[in-house]
$ cat coords.json   # JSON, C-alpha atoms
[["chain", "number", "residue", "atom", "x", "y", "z"],
["A", 179, "MET", "CA", 0.00, 0.00, 0.00],
["A", 180, "GLY", "CA", 2.59, 2.44, -1.11],
["A", 181, "ASN", "CA", 4.21, 4.93, 1.20],
["A", 182, "ALA", "CA", 2.43, 3.65, 4.29],
["A", 183, "ALA", "CA", 3.88, 0.17, 3.91],
["A", 184, "ASP", "CA", 7.37, 1.59, 3.52],
["A", 185, "ASN", "CA", 6.96, 4.07, 6.37],
["A", 186, "SER", "CA", 4.67, 2.30, 8.79],
["A", 187, "GLU", "CA", 5.56, 4.69, 11.60],
["A", 188, "ILE", "CA", 3.27, 7.28, 10.00],
["A", 189, "LEU", "CA", 0.21, 5.03, 10.26],
["A", 190, "LEU", "CA", -2.52, 5.84, 12.70],
["A", 191, "GLN", "CA", -3.03, 3.08, 15.22],
["A", 192, "PRO", "CA", -6.55, 1.65, 15.61],
["A", 193, "TYR", "CA", -6.72, 2.96, 19.16],
["A", 194, "GLU", "CA", -6.16, 6.50, 17.88],
["A", 195, "LEU", "CA", -9.50, 6.35, 16.07],
["A", 196, "LEU", "CA", -11.08, 7.16, 19.42],
["A", 197, "ASP", "CA", -9.70, 10.67, 19.19],
["A", 198, "LEU", "CA", -9.78, 10.93, 15.41],
["A", 199, "TYR", "CA", -13.49, 10.38, 14.78],
["A", 200, "PRO", "CA", -14.80, 13.14, 17.05],
["A", 201, "MET", "CA", -12.49, 15.48, 15.15],
["A", 202, "ILE", "CA", -13.77, 14.29, 11.78],
["A", 203, "ALA", "CA", -17.34, 14.63, 13.05],
["A", 204, "ARG", "CA", -16.72, 18.18, 14.12],
["A", 205, "VAL", "CA", -15.25, 19.05, 10.74],
["A", 206, "THR", "CA", -18.21, 17.37, 9.05],
["A", 207, "GLU", "CA", -20.75, 19.35, 11.03],
["A", 208, "ARG", "CA", -18.93, 22.55, 10.21],
["A", 209, "ALA", "CA", -18.79, 21.59, 6.54],
["A", 210, "ASN", "CA", -22.52, 20.91, 6.57],
["A", 211, "GLN", "CA", -23.16, 24.32, 8.11],
["A", 212, "GLU", "CA", -21.02, 25.92, 5.41],
["A", 213, "GLY", "CA", -22.83, 24.09, 2.62],
["A", 214, "VAL", "CA", -19.98, 21.71, 1.85],
["A", 215, "ARG", "CA", -20.99, 18.10, 1.26],
["A", 216, "LEU", "CA", -18.53, 15.67, 2.81],
["A", 217, "GLN", "CA", -18.43, 12.12, 1.44],
["A", 218, "ALA", "CA", -16.71, 9.49, 3.54],
["A", 219, "GLY", "CA", -14.24, 7.16, 1.83],
["A", 220, "ASN", "CA", -14.59, 3.41, 2.02],
["A", 221, "ASN", "CA", -12.04, 3.07, 4.80],
["A", 222, "ILE", "CA", -13.93, 5.47, 7.05],
["A", 223, "GLY", "CA", -16.32, 3.97, 9.60],
["A", 224, "TYR", "CA", -17.87, 1.75, 10.70],
["A", 225, "PHE", "CA", -21.06, 1.88, 12.78],
["A", 226, "GLY", "CA", -19.79, 4.24, 15.42],
["A", 227, "PRO", "CA", -21.87, 7.12, 16.79],
["A", 228, "TYR", "CA", -20.83, 9.36, 13.88],
["A", 229, "GLU", "CA", -21.44, 6.79, 11.14],
["A", 230, "ARG", "CA", -24.60, 8.36, 9.78],
["A", 231, "LEU", "CA", -23.33, 11.89, 10.10],
["A", 232, "LEU", "CA", -20.29, 10.96, 8.01],
["A", 233, "ARG", "CA", -22.29, 9.08, 5.38],
["A", 234, "GLY", "CA", -24.92, 11.64, 4.52],
["A", 235, "GLY", "CA", -26.74, 12.49, 7.73],
["A", 236, "THR", "CA", -29.95, 10.54, 7.30],
["A", 237, "ALA", "CA", -31.20, 7.72, 9.48],
["A", 238, "TRP", "CA", -30.48, 5.21, 6.72],
["A", 239, "SER", "CA", -27.11, 6.42, 5.51],
["A", 240, "PHE", "CA", -24.56, 3.96, 6.78],
["A", 241, "TRP", "CA", -21.95, 1.55, 5.47],
["A", 242, "GLN", "CA", -23.41, -1.44, 3.64],
["A", 243, "GLY", "CA", -20.33, -3.43, 2.73],
["A", 244, "CYS", "CA", -17.54, -3.36, 0.19],
["A", 245, "ASN", "CA", -18.73, -2.53, -3.30],
["A", 246, "ALA", "CA", -15.83, -4.02, -5.24],
["A", 247, "GLY", "CA", -17.15, -5.87, -8.26],
["A", 248, "LEU", "CA", -20.68, -4.71, -7.47],
["A", 249, "ALA", "CA", -20.72, -1.03, -8.31],
["A", 250, "THR", "CA", -17.01, -0.43, -8.69],
["A", 251, "LEU", "CA", -14.31, -1.63, -11.08],
["A", 252, "GLY", "CA", -10.63, -0.89, -11.31],
["A", 253, "ILE", "CA", -8.29, -1.07, -14.27],
["A", 254, "GLU", "CA", -4.53, -0.88, -13.96],
["A", 255, "ALA", "CA", -2.26, 0.72, -16.51],
["A", 256, "ASP", "CA", -1.53, -2.64, -18.16],
["A", 257, "GLY", "CA", -5.20, -3.60, -18.46],
["A", 258, "ALA", "CA", -5.56, -5.70, -15.30],
["A", 259, "ILE", "CA", -9.17, -5.64, -14.12],
["A", 260, "LYS", "CA", -10.01, -5.60, -10.41],
["A", 261, "GLY", "CA", -13.19, -5.01, -8.45],
["A", 262, "CYS", "CA", -11.80, -1.76, -7.06],
["A", 263, "PRO", "CA", -8.83, 0.37, -8.16],
["A", 264, "SER", "CA", -7.27, 0.23, -4.69],
["A", 265, "LEU", "CA", -7.14, -3.55, -4.34],
["A", 266, "PRO", "CA", -3.79, -5.39, -4.48],
["A", 267, "THR", "CA", -2.97, -6.69, -7.96],
["A", 268, "THR", "CA", -1.97, -10.25, -7.15],
["A", 269, "ALA", "CA", -4.95, -11.29, -5.08],
["A", 270, "TYR", "CA", -7.69, -9.36, -6.85],
["A", 271, "THR", "CA", -7.01, -9.27, -10.58],
["A", 272, "GLY", "CA", -9.70, -11.22, -12.43],
["A", 273, "GLY", "CA", -8.06, -10.96, -15.83],
["A", 274, "ASN", "CA", -6.59, -8.60, -18.35],
["A", 275, "ILE", "CA", -8.82, -6.62, -20.67],
["A", 276, "ARG", "CA", -6.34, -7.29, -23.49],
["A", 277, "GLU", "CA", -6.95, -11.00, -23.21],
["A", 278, "HIS", "CA", -10.57, -11.37, -22.12],
["A", 279, "SER", "CA", -13.79, -9.44, -22.47],
["A", 280, "LEU", "CA", -14.86, -7.30, -19.54],
["A", 281, "GLY", "CA", -18.11, -9.24, -19.35],
["A", 282, "LYS", "CA", -16.27, -12.54, -19.01],
["A", 283, "ILE", "CA", -14.00, -11.16, -16.28],
["A", 284, "ILE", "CA", -16.92, -9.68, -14.33],
["A", 285, "GLU", "CA", -19.13, -12.72, -14.62],
["A", 286, "GLU", "CA", -16.72, -15.60, -14.39],
["A", 287, "THR", "CA", -13.76, -14.76, -12.17],
["A", 288, "THR", "CA", -13.80, -15.26, -8.42],
["A", 289, "GLU", "CA", -11.69, -12.13, -7.96],
["A", 290, "LEU", "CA", -14.59, -10.03, -9.24],
["A", 291, "ARG", "CA", -17.32, -12.01, -7.51],
["A", 292, "PHE", "CA", -16.13, -12.17, -3.91],
["A", 293, "ASN", "CA", -18.77, -9.70, -2.72],
["A", 294, "LEU", "CA", -21.70, -11.69, -4.10],
["A", 295, "GLY", "CA", -23.86, -13.87, -1.89],
["A", 296, "ALA", "CA", -23.86, -11.64, 1.18],
["A", 297, "ASP", "CA", -26.85, -13.54, 2.53],
["A", 298, "THR", "CA", -25.23, -16.95, 2.09],
["A", 299, "PRO", "CA", -22.65, -18.63, 4.34],
["A", 300, "GLN", "CA", -20.07, -17.60, 1.75],
["A", 301, "GLY", "CA", -20.91, -13.94, 2.43],
["A", 302, "THR", "CA", -19.29, -13.99, 5.85],
["A", 303, "ALA", "CA", -16.97, -16.99, 5.48],
["A", 304, "HIS", "CA", -13.96, -14.72, 4.96],
["A", 305, "LEU", "CA", -14.43, -12.95, 8.30],
["A", 306, "TRP", "CA", -12.03, -13.64, 11.15],
["A", 307, "GLY", "CA", -10.95, -12.01, 14.40],
["A", 308, "PHE", "CA", -13.16, -9.30, 15.84],
["A", 309, "CYS", "CA", -15.10, -8.83, 12.60],
["A", 310, "LYS", "CA", -16.32, -12.41, 12.71],
["A", 311, "THR", "CA", -17.97, -11.79, 16.06],
["A", 312, "CYS", "CA", -19.34, -8.31, 15.34],
["A", 313, "GLU", "CA", -23.08, -7.61, 15.46],
["A", 314, "PHE", "CA", -22.76, -5.82, 12.08],
["A", 315, "ALA", "CA", -20.85, -8.67, 10.42],
["A", 316, "GLU", "CA", -23.47, -9.65, 7.85],
["A", 317, "LEU", "CA", -23.93, -6.13, 6.49],
["A", 318, "CYS", "CA", -20.42, -4.76, 7.00],
["A", 319, "ARG", "CA", -18.48, -7.87, 5.95],
["A", 320, "GLY", "CA", -15.22, -6.53, 7.31],
["A", 321, "GLY", "CA", -15.35, -2.97, 6.03],
["A", 322, "CYS", "CA", -13.02, -1.94, 3.24],
["A", 323, "SER", "CA", -11.47, -5.05, 1.64],
["A", 324, "TRP", "CA", -8.38, -3.11, 0.63],
["A", 325, "THR", "CA", -7.72, -1.81, 4.12],
["A", 326, "ALA", "CA", -8.01, -5.26, 5.69],
["A", 327, "HIS", "CA", -5.98, -7.00, 3.01],
["A", 328, "VAL", "CA", -3.03, -4.62, 3.03],
["A", 329, "PHE", "CA", -2.58, -5.11, 6.75],
["A", 330, "PHE", "CA", -2.97, -8.89, 7.02],
["A", 331, "ASP", "CA", -2.56, -10.13, 3.46],
["A", 332, "LYS", "CA", -6.17, -11.27, 3.50],
["A", 333, "ARG", "CA", -9.46, -9.49, 3.99],
["A", 334, "GLY", "CA", -12.09, -10.08, 6.65],
["A", 335, "ASN", "CA", -10.67, -8.44, 9.77],
["A", 336, "ASN", "CA", -10.36, -4.68, 9.81],
["A", 337, "PRO", "CA", -9.02, -3.04, 12.96],
["A", 338, "TYR", "CA", -9.53, 0.45, 11.52],
["A", 339, "CYS", "CA", -13.11, 0.57, 12.71],
["A", 340, "HIS", "CA", -14.59, 3.09, 15.15],
["A", 341, "HIS", "CA", -17.20, 0.66, 16.50],
["A", 342, "ARG", "CA", -14.45, -1.86, 17.12],
["A", 343, "ALA", "CA", -12.16, 0.64, 18.87],
["A", 344, "LEU", "CA", -15.05, 1.76, 21.07],
["A", 345, "THR", "CA", -15.99, -1.83, 21.90],
["A", 346, "GLN", "CA", -12.40, -2.66, 22.77],
["A", 347, "ALA", "CA", -12.14, 0.45, 24.94],
["A", 348, "LYS", "CA", -15.37, -0.46, 26.72],
["A", 349, "ASN", "CA", -13.73, -3.76, 27.59],
["A", 350, "GLY", "CA", -10.56, -2.01, 28.77],
["A", 351, "MET", "CA", -8.59, -3.04, 25.69],
["A", 352, "ARG", "CA", -6.98, -1.40, 22.68],
["A", 353, "GLU", "CA", -5.38, -2.56, 19.44],
["A", 354, "ARG", "CA", -2.29, -1.56, 17.54],
["A", 355, "VAL", "CA", -0.46, -2.95, 14.55],
["A", 356, "PHE", "CA", 3.21, -3.35, 13.74],
["A", 357, "LEU", "CA", 4.98, -4.27, 10.53],
["A", 358, "GLN", "CA", 6.06, -7.90, 10.20],
["A", 359, "ARG", "CA", 6.89, -8.14, 6.52],
["A", 360, "ARG", "CA", 7.81, -5.30, 4.22],
["A", 361, "ALA", "CA", 6.16, -4.89, 0.85],
["A", 362, "ASP", "CA", 8.17, -6.18, -2.12],
["A", 363, "GLY", "CA", 7.97, -2.83, -3.85],
["A", 364, "ASN", "CA", 5.72, -3.75, -6.75],
["A", 365, "PRO", "CA", 2.72, -1.67, -7.80],
["A", 366, "PHE", "CA", -0.36, -2.32, -5.64],
["A", 367, "ASP", "CA", 1.45, -4.74, -3.36],
["A", 368, "ASN", "CA", 1.32, -4.86, 0.41],
["A", 369, "GLY", "CA", 3.33, -5.75, 3.47],
["A", 370, "GLU", "CA", 1.97, -7.68, 6.41],
["A", 371, "PHE", "CA", 1.27, -6.47, 9.91],
["A", 372, "ALA", "CA", 0.70, -8.16, 13.25],
["A", 373, "LEU", "CA", -2.14, -7.11, 15.49],
["A", 374, "VAL", "CA", -1.59, -6.58, 19.20],
["A", 375, "GLU", "CA", -4.48, -6.51, 21.65],
["A", 376, "GLU", "CA", -3.45, -5.08, 25.00],
["A", 377, "PRO", "CA", -4.92, -3.42, 28.10],
["A", 378, "ILE", "CA", -5.90, 0.15, 27.36],
["A", 379, "ASN", "CA", -3.66, 1.50, 30.13],
["A", 380, "THR", "CA", -0.51, -0.12, 28.75],
["A", 381, "PRO", "CA", 2.14, 2.60, 28.34],
["A", 382, "TRP", "CA", 2.24, 3.84, 24.74],
["A", 383, "ILE", "CA", 5.15, 2.67, 22.65],
["A", 384, "ASP", "CA", 8.30, 4.74, 23.01],
["A", 385, "ASN", "CA", 9.51, 7.10, 20.34],
["A", 386, "ASP", "CA", 6.21, 7.81, 18.58],
["A", 387, "PRO", "CA", 6.26, 11.55, 17.87],
["A", 388, "LEU", "CA", 3.19, 11.11, 15.65],
["A", 389, "HIS", "CA", 0.98, 9.66, 18.39],
["A", 390, "PHE", "CA", -2.40, 11.27, 17.78],
["A", 391, "THR", "CA", -4.47, 12.57, 20.67],
["A", 392, "ALA", "CA", -7.35, 15.05, 20.75],
["A", 393, "ASP", "CA", -5.40, 17.57, 22.79],
["A", 394, "LEU", "CA", -2.85, 17.91, 19.99],
["A", 395, "ILE", "CA", -5.43, 19.13, 17.48],
["A", 396, "GLN", "CA", -4.75, 22.75, 16.62],
["A", 397, "TRP", "CA", -8.17, 24.26, 16.02],
["A", 398, "THR", "CA", -8.18, 27.80, 14.73],
["A", 399, "GLN", "CA", -9.20, 30.56, 17.12],
["A", 400, "GLU", "CA", -12.52, 30.87, 15.33],
["A", 401, "TRP", "CA", -13.31, 27.20, 15.90],
["A", 402, "GLU", "CA", -12.21, 27.41, 19.52],
["A", 403, "ALA", "CA", -14.58, 30.36, 20.02],
["A", 404, "VAL", "CA", -17.50, 28.42, 18.57],
["A", 405, "SER", "CA", -16.94, 25.52, 20.93],
["A", 406, "GLN", "CA", -17.00, 27.76, 24.01],
["B", 1031, "MET", "CA", -8.87, 5.38, -1.90],
["B", 1032, "ILE", "CA", -11.84, 5.87, -4.11],
["B", 1033, "MET", "CA", -14.81, 7.93, -3.09],
["B", 1034, "SER", "CA", -17.58, 6.00, -1.48],
["B", 1035, "SER", "CA", -20.62, 4.74, -3.26],
["B", 1036, "ASP", "CA", -21.27, 2.29, -0.47],
["B", 1037, "SER", "CA", -23.55, 4.22, 1.74],
["B", 1038, "ILE", "CA", -26.06, 5.90, -0.44],
["B", 1039, "SER", "CA", -29.23, 6.70, 1.43],
["B", 1040, "LEU", "CA", -32.33, 4.73, 0.61],
["B", 1041, "GLU", "CA", -33.78, 8.05, -0.45],
["B", 1042, "ASN", "CA", -30.93, 8.54, -2.87],
["B", 1043, "PRO", "CA", -30.44, 5.24, -4.65],
["B", 1044, "PRO", "CA", -27.83, 4.82, -7.37],
["B", 1045, "THR", "CA", -28.89, 6.49, -10.57],
["B", 1046, "THR", "CA", -28.44, 3.19, -12.36],
["B", 1047, "ASP", "CA", -30.97, 0.74, -11.00],
["B", 1048, "VAL", "CA", -29.66, -2.78, -10.68],
["B", 1049, "ASN", "CA", -33.02, -3.99, -11.96],
["B", 1050, "GLN", "CA", -33.04, -1.74, -15.02],
["B", 1051, "LEU", "CA", -33.37, -3.74, -18.23],
["B", 1052, "LEU", "CA", -31.27, -2.98, -21.25],
["B", 1053, "SER", "CA", -32.89, -2.43, -24.63],
["B", 1054, "ASP", "CA", -32.26, -6.06, -25.58],
["B", 1055, "GLY", "CA", -34.14, -7.27, -22.50],
["B", 1056, "SER", "CA", -31.06, -8.33, -20.58],
["B", 1057, "TYR", "CA", -29.79, -6.92, -17.31],
["B", 1058, "PRO", "CA", -26.56, -4.92, -17.18],
["B", 1059, "LEU", "CA", -23.59, -6.73, -15.61],
["B", 1060, "LEU", "CA", -23.02, -3.87, -13.21],
["B", 1061, "PRO", "CA", -24.07, -2.61, -10.80],
["B", 1062, "ARG", "CA", -25.14, -5.82, -9.16],
["B", 1063, "ARG", "CA", -26.37, -6.62, -5.68],
["B", 1064, "ALA", "CA", -24.38, -8.35, -2.96],
["B", 1065, "TRP", "CA", -27.61, -9.88, -1.72],
["B", 1066, "ASN", "CA", -29.59, -12.64, -3.40],
["B", 1067, "SER", "CA", -32.66, -11.93, -1.29],
["B", 1068, "HIS", "CA", -34.00, -8.41, -1.04],
["B", 1069, "LEU", "CA", -35.84, -9.44, 2.11],
["B", 1070, "ALA", "CA", -32.60, -10.60, 3.73],
["B", 1071, "TYR", "CA", -31.00, -7.28, 2.76],
["B", 1072, "LEU", "CA", -33.85, -5.31, 4.30],
["B", 1073, "ARG", "CA", -33.62, -7.36, 7.47],
["B", 1074, "ALA", "CA", -29.90, -6.62, 7.70],
["B", 1075, "ILE", "CA", -30.25, -2.87, 7.22],
["B", 1076, "PHE", "CA", -33.15, -2.61, 9.68],
["B", 1077, "LYS", "CA", -31.08, -4.50, 12.23],
["B", 1078, "ALA", "CA", -28.13, -2.15, 11.62],
["B", 1079, "LYS", "CA", -30.36, 0.92, 11.82],
["B", 1080, "LYS", "CA", -31.78, -0.22, 15.12],
["B", 1081, "ALA", "CA", -28.30, -0.89, 16.49],
["B", 1082, "LEU", "CA", -27.08, 2.52, 15.34],
["B", 1083, "ASP", "CA", -30.05, 4.17, 17.03],
["B", 1084, "ARG", "CA", -28.97, 2.47, 20.24],
["B", 1085, "ILE", "CA", -25.28, 3.31, 19.78],
["B", 1086, "GLU", "CA", -26.03, 6.98, 19.23],
["B", 1087, "ARG", "CA", -28.39, 7.06, 22.20],
["B", 1088, "GLU", "CA", -25.73, 5.61, 24.45],
["B", 1089, "ALA", "CA", -22.82, 7.67, 23.09],
["B", 1090, "PRO", "CA", -22.02, 11.11, 24.43],
["B", 1091, "VAL", "CA", -22.98, 12.69, 21.13],
["B", 1092, "SER", "CA", -25.65, 15.33, 21.50],
["B", 1093, "SER", "CA", -25.45, 17.60, 18.52],
["B", 1094, "ILE", "CA", -26.34, 15.24, 15.70],
["B", 1095, "ASN", "CA", -29.91, 15.39, 14.48],
["B", 1096, "TYR", "CA", -30.78, 13.10, 11.64],
["B", 1097, "VAL", "CA", -33.52, 13.45, 9.16],
["B", 1098, "GLN", "CA", -35.75, 10.53, 10.11],
["B", 1099, "ASP", "CA", -36.52, 9.50, 6.58],
["B", 1100, "SER", "CA", -38.73, 6.54, 5.94]]
$ encode --input "coords.json" --output "structure tokens"
Amino acid sequence: MGNAADNSEILLQPYELLDLYPMIARVTERANQEGVRLQAGNNIGYFGPYERLLRGGTAWSFWQGCNAGLATLGIEADGAIKGCPSLPTTAYTGGNIREHSLGKIIEETTELRFNLGADTPQGTAHLWGFCKTCEFAELCRGGCSWTAHVFFDKRGNNPYCHHRALTQAKNGMRERVFLQRRADGNPFDNGEFALVEEPINTPWIDNDPLHFTADLIQWTQEWEAVSQ
Amino acid sequence: MIMSSDSISLENPPTTDVNQLLSDGSYPLLPRRAWNSHLAYLRAIFKAKKALDRIEREAPVSSINYVQDS
């Protein structure tokens, strides 16, 4: 996953989402007031208290699973067809448009069909870890496939989830990731990370100048005035 | 990251209906549904909506007022 795999120290840790999402929510509310429509990316979420605010602000606007191969396609510079432009090449290329028709790739390759059958056992068979046990598992199906895959070399368990971070915190736990295998350096490749689950009061890792906390956010004076 | 098309409100469905027939009577290949059963899909989103109602009620978030669309 590009620069982040090569410089993993710049990554947010899952636990830091607890301070990140209130900030994003505040920015979103301000954007709404100013007439700016904010559209959350696929790796934003999922099912926390700001979910609906971030996804359109109606009672029914919330994440409904990865859309790769359903409403999204990706094509790489050499003609490789994937369900989403972000997905890693090796695991998610269904075929090359120079060799096969788009229809054949969409209809016949497993790489383009992995999001089908959400209401069958196959729809949640890929889930593991926390995501497998989550109350939103059937609809969410592990959040953004790209995000999960580039951390663990397979999809189905996505620690970058606000609901998950809140649930862990409620249980006195937190999660963080650390790099185990570097990316090879090819386009759309990924490294592999390990996931650590630890008590929430464990001292933060040493030498992390980028550790994100709410008190480090530098709101402008105007925003500070509004909040008072 | 691509921009999201994952969370479109029920009031704002995709402009291309997955059930829209082409001129030759066939269905387009895309977009296509993740769900085989529309009833199962509706059950899942109602369950999620109910859970989100609870999560927001229990969270210390007071300033968000949603349009309670049907």
$ interface_residues --input "coords.json" --of "chain A" --to "chain B" --cutoff "6 Å" --atoms "only C-alpha atoms" --output "VMD selection string"
chain A and resid 219 to 220 227 235 to 242 248 to 249 293 to 297
$ write_last_selection --input "coords.json" --atoms "C-alpha atoms" --output "PDB file, keeping the file's coordinate frame"
ATOM      1  CA  GLY A 219     -14.240   7.160   1.830  1.00  0.00           C
ATOM      2  CA  ASN A 220     -14.590   3.410   2.020  1.00  0.00           C
ATOM      3  CA  PRO A 227     -21.870   7.120  16.790  1.00  0.00           C
ATOM      4  CA  GLY A 235     -26.740  12.490   7.730  1.00  0.00           C
ATOM      5  CA  THR A 236     -29.950  10.540   7.300  1.00  0.00           C
ATOM      6  CA  ALA A 237     -31.200   7.720   9.480  1.00  0.00           C
ATOM      7  CA  TRP A 238     -30.480   5.210   6.720  1.00  0.00           C
ATOM      8  CA  SER A 239     -27.110   6.420   5.510  1.00  0.00           C
ATOM      9  CA  PHE A 240     -24.560   3.960   6.780  1.00  0.00           C
ATOM     10  CA  TRP A 241     -21.950   1.550   5.470  1.00  0.00           C
ATOM     11  CA  GLN A 242     -23.410  -1.440   3.640  1.00  0.00           C
ATOM     12  CA  LEU A 248     -20.680  -4.710  -7.470  1.00  0.00           C
ATOM     13  CA  ALA A 249     -20.720  -1.030  -8.310  1.00  0.00           C
ATOM     14  CA  ASN A 293     -18.770  -9.700  -2.720  1.00  0.00           C
ATOM     15  CA  LEU A 294     -21.700 -11.690  -4.100  1.00  0.00           C
ATOM     16  CA  GLY A 295     -23.860 -13.870  -1.890  1.00  0.00           C
ATOM     17  CA  ALA A 296     -23.860 -11.640   1.180  1.00  0.00           C
ATOM     18  CA  ASP A 297     -26.850 -13.540   2.530  1.00  0.00           C
TER      19      ASP A 297
END
$ atom_distance --input "coords.json" --atom1 "atom CA of Phe371 of chain A" --atom2 "atom CA of Cys339 of chain A"
16.3 Å
$ residues_around --input "coords.json" --residues "segment 385-394 of chain A" --least-positions-apart "5" --cutoff "12 Å" --atoms "only C-alpha atoms" --output "list in words"
Ser186, Glu187, Ile188, Leu189, Leu190, Gln191, Pro192, Tyr193, Glu194, Leu195, Leu196, Asp197, Leu198, Tyr199, Pro200, Met201, Ile202, Arg204 and Arg354 of chain A
$ closest_residue --input "coords.json" --among "A:Gly273, A:Pro299, A:Pro365, A:Pro337" --to "Thr287 of chain A" --atoms "only C-alpha atoms"
A:Gly273
$ closest_residue --input "coords.json" --among "A:Gln300, A:Ile259, A:Gly223, A:Trp306" --to "Ile283 of chain A" --atoms "only C-alpha atoms"
A:Ile259
$ residues_around --input "coords.json" --residues "segment 316-328 of chain A" --least-positions-apart "5" --cutoff "6 Å" --atoms "only C-alpha atoms" --output "ChimeraX atom specification"
/A:220-221,242-244,265,309,333-336,368
$ atom_distance --input "coords.json" --atom1 "atom CA of Asn210 of chain A" --atom2 "atom CA of Arg230 of chain A"
13.1 Å
$ atom_distance --input "coords.json" --atom1 "atom CA of Arg233 of chain A" --atom2 "atom CA of Glu375 of chain A"
28.7 Å
$ axis_aligned_box --input "coords.json" --around "segment 260-268 of chain A" --padding-each-side "6 Å" --output "AutoDock Vina command-line options"
--center_x -7.6 --center_y -4.9 --center_z -7.4 --size_x 23.2 --size_y 22.6 --size_z 18.1
$ closest_residue --input "coords.json" --among "A:Lys260, A:Arg360, A:Lys332, A:Arg291" --to "His304 of chain A" --atoms "all atoms listed in the file"
A:Lys332
